[in-house]
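This is target.txt (compact mmCIF, N, CA and C atoms and all ligand atoms).
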```txt
# COMPACT_ATOMS: atom_id res chain seq x y z
N MET A 1122 99.66 90.83 114.01
CA MET A 1122 99.92 90.64 112.60
C MET A 1122 101.00 91.62 112.15
N ASN A 1123 101.92 91.14 111.39
CA ASN A 1123 103.03 91.96 110.95
C ASN A 1123 102.73 92.57 109.59
N SER A 1124 101.77 93.46 109.57
CA SER A 1124 101.37 94.03 108.30
C SER A 1124 102.17 95.27 107.97
N PRO A 1125 102.78 95.30 106.79
CA PRO A 1125 103.52 96.50 106.39
C PRO A 1125 102.62 97.71 106.22
N ASN A 1126 101.33 97.46 106.15
CA ASN A 1126 100.38 98.54 105.91
C ASN A 1126 99.80 99.09 107.21
N SER A 1127 100.32 98.67 108.36
CA SER A 1127 99.72 99.04 109.62
C SER A 1127 99.97 100.50 110.01
N THR A 1128 101.00 101.09 109.45
CA THR A 1128 101.27 102.49 109.75
C THR A 1128 100.87 103.35 108.56
N PRO A 1129 99.84 104.16 108.75
CA PRO A 1129 99.40 104.97 107.62
C PRO A 1129 100.44 106.04 107.29
N PRO A 1130 100.51 106.43 106.03
CA PRO A 1130 101.46 107.46 105.65
C PRO A 1130 101.14 108.77 106.33
N ALA A 1131 102.16 109.56 106.61
CA ALA A 1131 101.98 110.80 107.35
C ALA A 1131 101.32 111.87 106.49
N ALA A 1132 101.59 111.86 105.23
CA ALA A 1132 101.02 112.85 104.32
C ALA A 1132 100.41 112.13 103.13
N GLU A 1133 99.61 112.88 102.38
CA GLU A 1133 98.82 112.22 101.37
C GLU A 1133 99.63 111.72 100.17
N ASN A 1134 100.61 112.51 99.78
CA ASN A 1134 101.33 112.14 98.59
C ASN A 1134 102.64 111.42 98.85
N VAL A 1135 102.72 110.79 99.99
CA VAL A 1135 103.92 110.03 100.30
C VAL A 1135 103.98 108.80 99.41
N THR A 1136 105.08 108.63 98.76
CA THR A 1136 105.25 107.44 97.93
C THR A 1136 106.50 106.70 98.38
N VAL A 1137 106.44 106.31 99.65
CA VAL A 1137 107.55 105.56 100.23
C VAL A 1137 107.15 104.10 100.30
N CYS A 1138 108.11 103.24 100.11
CA CYS A 1138 107.91 101.80 100.17
C CYS A 1138 107.14 101.39 101.43
N SER A 1139 106.21 100.45 101.28
CA SER A 1139 105.38 100.00 102.40
C SER A 1139 106.08 98.98 103.30
N ALA A 1140 107.22 98.48 102.88
CA ALA A 1140 107.93 97.50 103.70
C ALA A 1140 108.35 98.16 105.02
N LYS A 1141 108.24 97.38 106.08
CA LYS A 1141 108.50 97.92 107.41
C LYS A 1141 109.94 98.44 107.50
N GLY A 1142 110.08 99.69 107.94
CA GLY A 1142 111.40 100.25 108.14
C GLY A 1142 112.08 100.77 106.89
N CYS A 1143 111.46 100.58 105.75
CA CYS A 1143 112.07 101.02 104.50
C CYS A 1143 111.62 102.43 104.18
N ARG A 1144 112.56 103.30 103.89
CA ARG A 1144 112.24 104.70 103.56
C ARG A 1144 112.50 105.01 102.10
N ALA A 1145 112.73 103.97 101.32
CA ALA A 1145 113.05 104.19 99.91
C ALA A 1145 111.82 104.65 99.14
N ASP A 1146 112.05 105.40 98.09
CA ASP A 1146 110.96 105.80 97.21
C ASP A 1146 110.36 104.57 96.54
N ALA A 1147 109.03 104.54 96.52
CA ALA A 1147 108.36 103.41 95.88
C ALA A 1147 108.41 103.55 94.37
N VAL A 1148 108.56 102.41 93.72
CA VAL A 1148 108.56 102.36 92.26
C VAL A 1148 107.37 101.55 91.77
N TRP A 1149 106.92 100.63 92.64
CA TRP A 1149 105.87 99.68 92.26
C TRP A 1149 104.63 99.85 93.13
N VAL A 1150 103.50 99.55 92.55
CA VAL A 1150 102.24 99.49 93.29
C VAL A 1150 101.74 98.05 93.24
N LEU A 1151 101.48 97.49 94.41
CA LEU A 1151 100.91 96.14 94.50
C LEU A 1151 99.44 96.29 94.87
N ALA A 1152 98.58 95.90 93.99
CA ALA A 1152 97.15 95.97 94.25
C ALA A 1152 96.68 94.61 94.76
N TRP A 1153 95.97 94.62 95.89
CA TRP A 1153 95.57 93.34 96.47
C TRP A 1153 94.19 93.44 97.09
N ASN A 1154 93.66 92.29 97.42
CA ASN A 1154 92.30 92.19 97.95
C ASN A 1154 92.22 90.95 98.83
N ASN A 1155 91.76 91.16 100.04
CA ASN A 1155 91.51 90.03 100.94
C ASN A 1155 90.03 89.70 100.90
N PRO A 1156 89.66 88.58 100.26
CA PRO A 1156 88.24 88.27 100.06
C PRO A 1156 87.47 88.10 101.37
N LYS A 1157 88.18 87.86 102.47
CA LYS A 1157 87.49 87.74 103.76
C LYS A 1157 87.13 89.11 104.33
N LEU A 1158 87.81 90.14 103.89
CA LEU A 1158 87.60 91.48 104.44
C LEU A 1158 87.01 92.46 103.43
N HIS A 1159 87.29 92.22 102.16
CA HIS A 1159 86.98 93.22 101.16
C HIS A 1159 86.02 92.67 100.10
N THR A 1160 85.21 93.55 99.56
CA THR A 1160 84.40 93.16 98.41
C THR A 1160 85.34 92.94 97.22
N PRO A 1161 84.90 92.11 96.26
CA PRO A 1161 85.81 91.70 95.18
C PRO A 1161 86.39 92.84 94.36
N ASP A 1162 85.68 93.95 94.25
CA ASP A 1162 86.17 95.04 93.43
C ASP A 1162 87.06 96.02 94.20
N ARG A 1163 87.14 95.80 95.50
CA ARG A 1163 87.98 96.67 96.33
C ARG A 1163 89.45 96.38 96.08
N ARG A 1164 90.28 97.40 96.04
CA ARG A 1164 91.71 97.21 95.89
C ARG A 1164 92.46 97.96 96.97
N LYS A 1165 93.17 97.21 97.79
CA LYS A 1165 94.12 97.81 98.70
C LYS A 1165 95.44 97.94 97.95
N THR A 1166 96.23 98.91 98.30
CA THR A 1166 97.51 99.05 97.61
C THR A 1166 98.66 99.14 98.59
N TRP A 1167 99.73 98.49 98.24
CA TRP A 1167 101.01 98.67 98.92
C TRP A 1167 101.98 99.25 97.91
N LEU A 1168 102.87 100.06 98.42
CA LEU A 1168 103.92 100.60 97.58
C LEU A 1168 105.21 99.84 97.85
N ALA A 1169 106.01 99.68 96.83
CA ALA A 1169 107.25 98.94 97.01
C ALA A 1169 108.39 99.55 96.21
N CYS A 1170 109.56 99.58 96.82
CA CYS A 1170 110.77 99.94 96.09
C CYS A 1170 111.23 98.71 95.30
N GLU A 1171 112.25 98.89 94.48
CA GLU A 1171 112.76 97.75 93.70
C GLU A 1171 113.15 96.59 94.61
N GLU A 1172 113.76 96.92 95.73
CA GLU A 1172 114.28 95.89 96.62
C GLU A 1172 113.17 95.05 97.25
N HIS A 1173 112.04 95.67 97.56
CA HIS A 1173 111.00 94.97 98.31
C HIS A 1173 109.82 94.49 97.48
N ARG A 1174 109.87 94.78 96.20
CA ARG A 1174 108.73 94.36 95.36
C ARG A 1174 108.50 92.85 95.45
N GLU A 1175 109.58 92.10 95.34
CA GLU A 1175 109.42 90.64 95.36
C GLU A 1175 108.95 90.15 96.72
N HIS A 1176 109.54 90.70 97.78
CA HIS A 1176 109.18 90.30 99.14
C HIS A 1176 107.69 90.55 99.42
N LEU A 1177 107.24 91.75 99.10
CA LEU A 1177 105.84 92.09 99.35
C LEU A 1177 104.90 91.32 98.42
N SER A 1178 105.33 91.11 97.18
CA SER A 1178 104.52 90.32 96.24
C SER A 1178 104.33 88.90 96.75
N GLN A 1179 105.41 88.33 97.28
CA GLN A 1179 105.31 86.97 97.80
C GLN A 1179 104.40 86.92 99.02
N PHE A 1180 104.53 87.91 99.90
CA PHE A 1180 103.71 87.98 101.10
C PHE A 1180 102.22 87.93 100.72
N LEU A 1181 101.85 88.72 99.74
CA LEU A 1181 100.45 88.74 99.29
C LEU A 1181 100.12 87.53 98.43
N GLY A 1182 101.09 87.12 97.61
CA GLY A 1182 100.85 86.02 96.67
C GLY A 1182 100.55 84.70 97.35
N VAL A 1183 101.29 84.38 98.41
CA VAL A 1183 101.07 83.09 99.08
C VAL A 1183 99.70 83.05 99.75
N ARG A 1184 99.16 84.21 100.07
CA ARG A 1184 97.82 84.27 100.68
C ARG A 1184 96.72 84.35 99.63
N GLY A 1185 97.13 84.48 98.37
CA GLY A 1185 96.15 84.57 97.30
C GLY A 1185 95.51 85.94 97.21
N PHE A 1186 96.17 86.96 97.81
CA PHE A 1186 95.57 88.30 97.83
C PHE A 1186 96.00 89.15 96.64
N LEU A 1187 97.15 88.83 96.06
CA LEU A 1187 97.75 89.73 95.08
C LEU A 1187 96.97 89.73 93.77
N LYS A 1188 96.60 90.92 93.31
CA LYS A 1188 95.82 91.05 92.08
C LYS A 1188 96.64 91.63 90.95
N ASP A 1189 97.52 92.58 91.26
CA ASP A 1189 98.18 93.30 90.19
C ASP A 1189 99.47 93.93 90.72
N VAL A 1190 100.47 93.96 89.89
CA VAL A 1190 101.70 94.68 90.21
C VAL A 1190 102.03 95.56 89.01
N VAL A 1191 102.00 96.87 89.25
CA VAL A 1191 102.31 97.81 88.17
C VAL A 1191 103.25 98.88 88.70
N THR A 1192 103.93 99.55 87.80
CA THR A 1192 104.78 100.65 88.25
C THR A 1192 103.90 101.78 88.78
N LEU A 1193 104.49 102.58 89.65
CA LEU A 1193 103.76 103.71 90.22
C LEU A 1193 103.28 104.66 89.13
N ALA A 1194 104.13 104.87 88.13
CA ALA A 1194 103.77 105.74 87.01
C ALA A 1194 102.54 105.19 86.27
N GLU A 1195 102.56 103.87 86.04
CA GLU A 1195 101.44 103.24 85.35
C GLU A 1195 100.17 103.32 86.19
N TRP A 1196 100.31 103.10 87.51
CA TRP A 1196 99.16 103.15 88.41
C TRP A 1196 98.52 104.54 88.39
N GLU A 1197 99.38 105.58 88.44
CA GLU A 1197 98.86 106.95 88.45
C GLU A 1197 98.21 107.30 87.12
N ARG A 1198 98.81 106.75 86.06
CA ARG A 1198 98.23 106.98 84.73
C ARG A 1198 96.83 106.36 84.65
N ARG A 1199 96.72 105.14 85.18
CA ARG A 1199 95.41 104.47 85.20
C ARG A 1199 94.41 105.22 86.04
N SER A 1200 94.87 105.71 87.22
CA SER A 1200 93.98 106.42 88.14
C SER A 1200 93.45 107.69 87.50
N SER A 1201 94.35 108.44 86.86
CA SER A 1201 93.91 109.69 86.24
C SER A 1201 93.04 109.41 85.03
N ALA A 1202 93.30 108.32 84.34
CA ALA A 1202 92.45 107.93 83.20
C ALA A 1202 91.04 107.62 83.68
N ALA A 1203 90.95 106.98 84.86
CA ALA A 1203 89.64 106.63 85.41
C ALA A 1203 88.85 107.87 85.79
N ASP A 1204 89.58 108.94 86.15
CA ASP A 1204 88.91 110.18 86.53
C ASP A 1204 88.24 110.88 85.34
N GLY A 1205 88.88 110.74 84.20
CA GLY A 1205 88.39 111.58 83.13
C GLY A 1205 87.84 110.76 82.00
ZN ZN B 1 111.57 99.02 100.29
```
Using the file provided, produce a representation of the structure as C-alpha cells.
Ligand SMILES: [Zn+2]
Amino acid sequence: MNSPNSTPPAAENVTVCSAKGCRADAVWVLAWNNPKLHTPDRRKTWLACEEHREHLSQFLGVRGFLKDVVTLAEWERRSSAADG
C-alpha cells in the first residue's frame, strides 16, 4: 500500500507535509477515519502543504475516509481548546 503515512515523523513536533518525498512545511491538517480499522470517533491525521492538500484530500475522499480539512493553526487551536 502506498500510504503517505507509512513513515512516522522523526520528532514529535515535525509539521512536514505527509505526501511521500515532500519536505515542505505543512499548512493543512486532513482528519480522516477508516471505518474498517478505526472506531468512528477516532481521527487519523495527515499533514499537507498547499501543493499536496488537494492530492491527499482526493486520496482520502475517494475512499470515503476524509472527515475534515482545516489549517494547522486551526487544528492546534482546537486541540488546545479541547485540553482546557
Ligand atoms: Zn507537500
Which residues of chain A have any atom within 12 Å of an atom in ligand ZN 1 (chain B) when counting only C-alpha atoms and all ligand atoms, and what is the closest pair of atoms for each, with the distance in Å to one decimal? Order the rows by chain and rising number and write it as CSV.
```
residue,atom,partner,partner_atom,distance
A:Pro1125,CA,B:ZN1,ZN,10.4
A:Thr1136,CA,B:ZN1,ZN,10.8
A:Val1137,CA,B:ZN1,ZN,7.7
A:Cys1138,CA,B:ZN1,ZN,4.6
A:Ser1139,CA,B:ZN1,ZN,6.6
A:Ala1140,CA,B:ZN1,ZN,5.2
A:Lys1141,CA,B:ZN1,ZN,7.8
A:Gly1142,CA,B:ZN1,ZN,7.9
A:Cys1143,CA,B:ZN1,ZN,4.7
A:Arg1144,CA,B:ZN1,ZN,6.6
A:Ala1145,CA,B:ZN1,ZN,5.4
A:Asp1146,CA,B:ZN1,ZN,7.5
A:Ala1147,CA,B:ZN1,ZN,7.0
A:Val1148,CA,B:ZN1,ZN,9.2
A:Trp1149,CA,B:ZN1,ZN,9.9
A:Val1150,CA,B:ZN1,ZN,11.7
A:Trp1167,CA,B:ZN1,ZN,10.7
A:Leu1168,CA,B:ZN1,ZN,8.3
A:Ala1169,CA,B:ZN1,ZN,5.4
A:Cys1170,CA,B:ZN1,ZN,4.4
A:Glu1171,CA,B:ZN1,ZN,6.8
A:Glu1172,CA,B:ZN1,ZN,5.5
A:His1173,CA,B:ZN1,ZN,4.5
A:Arg1174,CA,B:ZN1,ZN,7.4
A:Glu1175,CA,B:ZN1,ZN,10.0
A:His1176,CA,B:ZN1,ZN,9.1
A:Leu1177,CA,B:ZN1,ZN,9.0
A:Ser1178,CA,B:ZN1,ZN,11.9
```
Item to check | Which of chain A fall in strand (DSSP E or B), as number ranges by chain | outcome: A: 1137, 1146, 1149-1153, 1165-1169, 1187-1192
Residues of chain A in alpha helix (DSSP H) according to DSSP, as a PDB file with N, CA and C atoms, keeping the file's coordinate frame?
```pdb
ATOM      1  N   ARG A1174     109.870  94.780  96.200  1.00  0.00           N
ATOM      2  CA  ARG A1174     108.730  94.360  95.360  1.00  0.00           C
ATOM      3  C   ARG A1174     108.500  92.850  95.450  1.00  0.00           C
ATOM      4  N   GLU A1175     109.580  92.100  95.340  1.00  0.00           N
ATOM      5  CA  GLU A1175     109.420  90.640  95.360  1.00  0.00           C
ATOM      6  C   GLU A1175     108.950  90.150  96.720  1.00  0.00           C
ATOM      7  N   HIS A1176     109.540  90.700  97.780  1.00  0.00           N
ATOM      8  CA  HIS A1176     109.180  90.300  99.140  1.00  0.00           C
ATOM      9  C   HIS A1176     107.690  90.550  99.420  1.00  0.00           C
ATOM     10  N   LEU A1177     107.240  91.750  99.100  1.00  0.00           N
ATOM     11  CA  LEU A1177     105.840  92.090  99.350  1.00  0.00           C
ATOM     12  C   LEU A1177     104.900  91.320  98.420  1.00  0.00           C
ATOM     13  N   SER A1178     105.330  91.110  97.180  1.00  0.00           N
ATOM     14  CA  SER A1178     104.520  90.320  96.240  1.00  0.00           C
ATOM     15  C   SER A1178     104.330  88.900  96.750  1.00  0.00           C
ATOM     16  N   GLN A1179     105.410  88.330  97.280  1.00  0.00           N
ATOM     17  CA  GLN A1179     105.310  86.970  97.800  1.00  0.00           C
ATOM     18  C   GLN A1179     104.400  86.920  99.020  1.00  0.00           C
ATOM     19  N   PHE A1180     104.530  87.910  99.900  1.00  0.00           N
ATOM     20  CA  PHE A1180     103.710  87.980 101.100  1.00  0.00           C
ATOM     21  C   PHE A1180     102.220  87.930 100.720  1.00  0.00           C
ATOM     22  N   LEU A1181     101.850  88.720  99.740  1.00  0.00           N
ATOM     23  CA  LEU A1181     100.450  88.740  99.290  1.00  0.00           C
ATOM     24  C   LEU A1181     100.120  87.530  98.430  1.00  0.00           C
ATOM     25  N   GLY A1182     101.090  87.120  97.610  1.00  0.00           N
ATOM     26  CA  GLY A1182     100.850  86.020  96.670  1.00  0.00           C
ATOM     27  C   GLY A1182     100.550  84.700  97.350  1.00  0.00           C
ATOM     28  N   VAL A1183     101.290  84.380  98.410  1.00  0.00           N
ATOM     29  CA  VAL A1183     101.070  83.090  99.080  1.00  0.00           C
ATOM     30  C   VAL A1183      99.700  83.050  99.750  1.00  0.00           C
ATOM     31  N   LEU A1193     104.490 102.580  89.650  1.00  0.00           N
ATOM     32  CA  LEU A1193     103.760 103.710  90.220  1.00  0.00           C
ATOM     33  C   LEU A1193     103.280 104.660  89.130  1.00  0.00           C
ATOM     34  N   ALA A1194     104.130 104.870  88.130  1.00  0.00           N
ATOM     35  CA  ALA A1194     103.770 105.740  87.010  1.00  0.00           C
ATOM     36  C   ALA A1194     102.540 105.190  86.270  1.00  0.00           C
ATOM     37  N   GLU A1195     102.560 103.870  86.040  1.00  0.00           N
ATOM     38  CA  GLU A1195     101.440 103.240  85.350  1.00  0.00           C
ATOM     39  C   GLU A1195     100.170 103.320  86.190  1.00  0.00           C
ATOM     40  N   TRP A1196     100.310 103.100  87.510  1.00  0.00           N
ATOM     41  CA  TRP A1196      99.160 103.150  88.410  1.00  0.00           C
ATOM     42  C   TRP A1196      98.520 104.540  88.390  1.00  0.00           C
ATOM     43  N   GLU A1197      99.380 105.580  88.440  1.00  0.00           N
ATOM     44  CA  GLU A1197      98.860 106.950  88.450  1.00  0.00           C
ATOM     45  C   GLU A1197      98.210 107.300  87.120  1.00  0.00           C
ATOM     46  N   ARG A1198      98.810 106.750  86.060  1.00  0.00           N
ATOM     47  CA  ARG A1198      98.230 106.980  84.730  1.00  0.00           C
ATOM     48  C   ARG A1198      96.830 106.360  84.650  1.00  0.00           C
ATOM     49  N   ARG A1199      96.720 105.140  85.180  1.00  0.00           N
ATOM     50  CA  ARG A1199      95.410 104.470  85.200  1.00  0.00           C
ATOM     51  C   ARG A1199      94.410 105.220  86.040  1.00  0.00           C
ATOM     52  N   SER A1200      94.870 105.710  87.220  1.00  0.00           N
ATOM     53  CA  SER A1200      93.980 106.420  88.140  1.00  0.00           C
ATOM     54  C   SER A1200      93.450 107.690  87.500  1.00  0.00           C
ATOM     55  N   SER A1201      94.350 108.440  86.860  1.00  0.00           N
ATOM     56  CA  SER A1201      93.910 109.690  86.240  1.00  0.00           C
ATOM     57  C   SER A1201      93.040 109.410  85.030  1.00  0.00           C
ATOM     58  N   ALA A1202      93.300 108.320  84.340  1.00  0.00           N
ATOM     59  CA  ALA A1202      92.450 107.930  83.200  1.00  0.00           C
ATOM     60  C   ALA A1202      91.040 107.620  83.680  1.00  0.00           C
ATOM     61  N   ALA A1203      90.950 106.980  84.860  1.00  0.00           N
ATOM     62  CA  ALA A1203      89.640 106.630  85.410  1.00  0.00           C
ATOM     63  C   ALA A1203      88.850 107.870  85.790  1.00  0.00           C
ATOM     64  N   ASP A1204      89.580 108.940  86.150  1.00  0.00           N
ATOM     65  CA  ASP A1204      88.910 110.180  86.530  1.00  0.00           C
ATOM     66  C   ASP A1204      88.240 110.880  85.340  1.00  0.00           C
TER      67      ASP A1204
END
```
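Computed from the coordinates, the atom N of His1159 in chain A to atom N of Val1191 in chain A distance equals 20.1 Å.
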Item to check | Distance of CA of Arg1199 in chain A from CA of Phe1180 in chain A, expressed in Å to one decimal place | outcome: 24.4 Å
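CA of Trp1153 in chain A sits 5.0 Å away from CA of Lys1188 in chain A.
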Next on the checklist: Give me, as a list in words, all polymer residues having an atom no more than 10 Å from Arg1164 in chain A, counting only C-alpha atoms and skipping those fewer than 6 positions away in the same chain.
Outcome noted: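 So the residues in contact are Leu1151, Ala1152, Trp1153, Asn1154, Asn1155, Phe1186, Leu1187, Lys1188 and Asp1189 of chain A.
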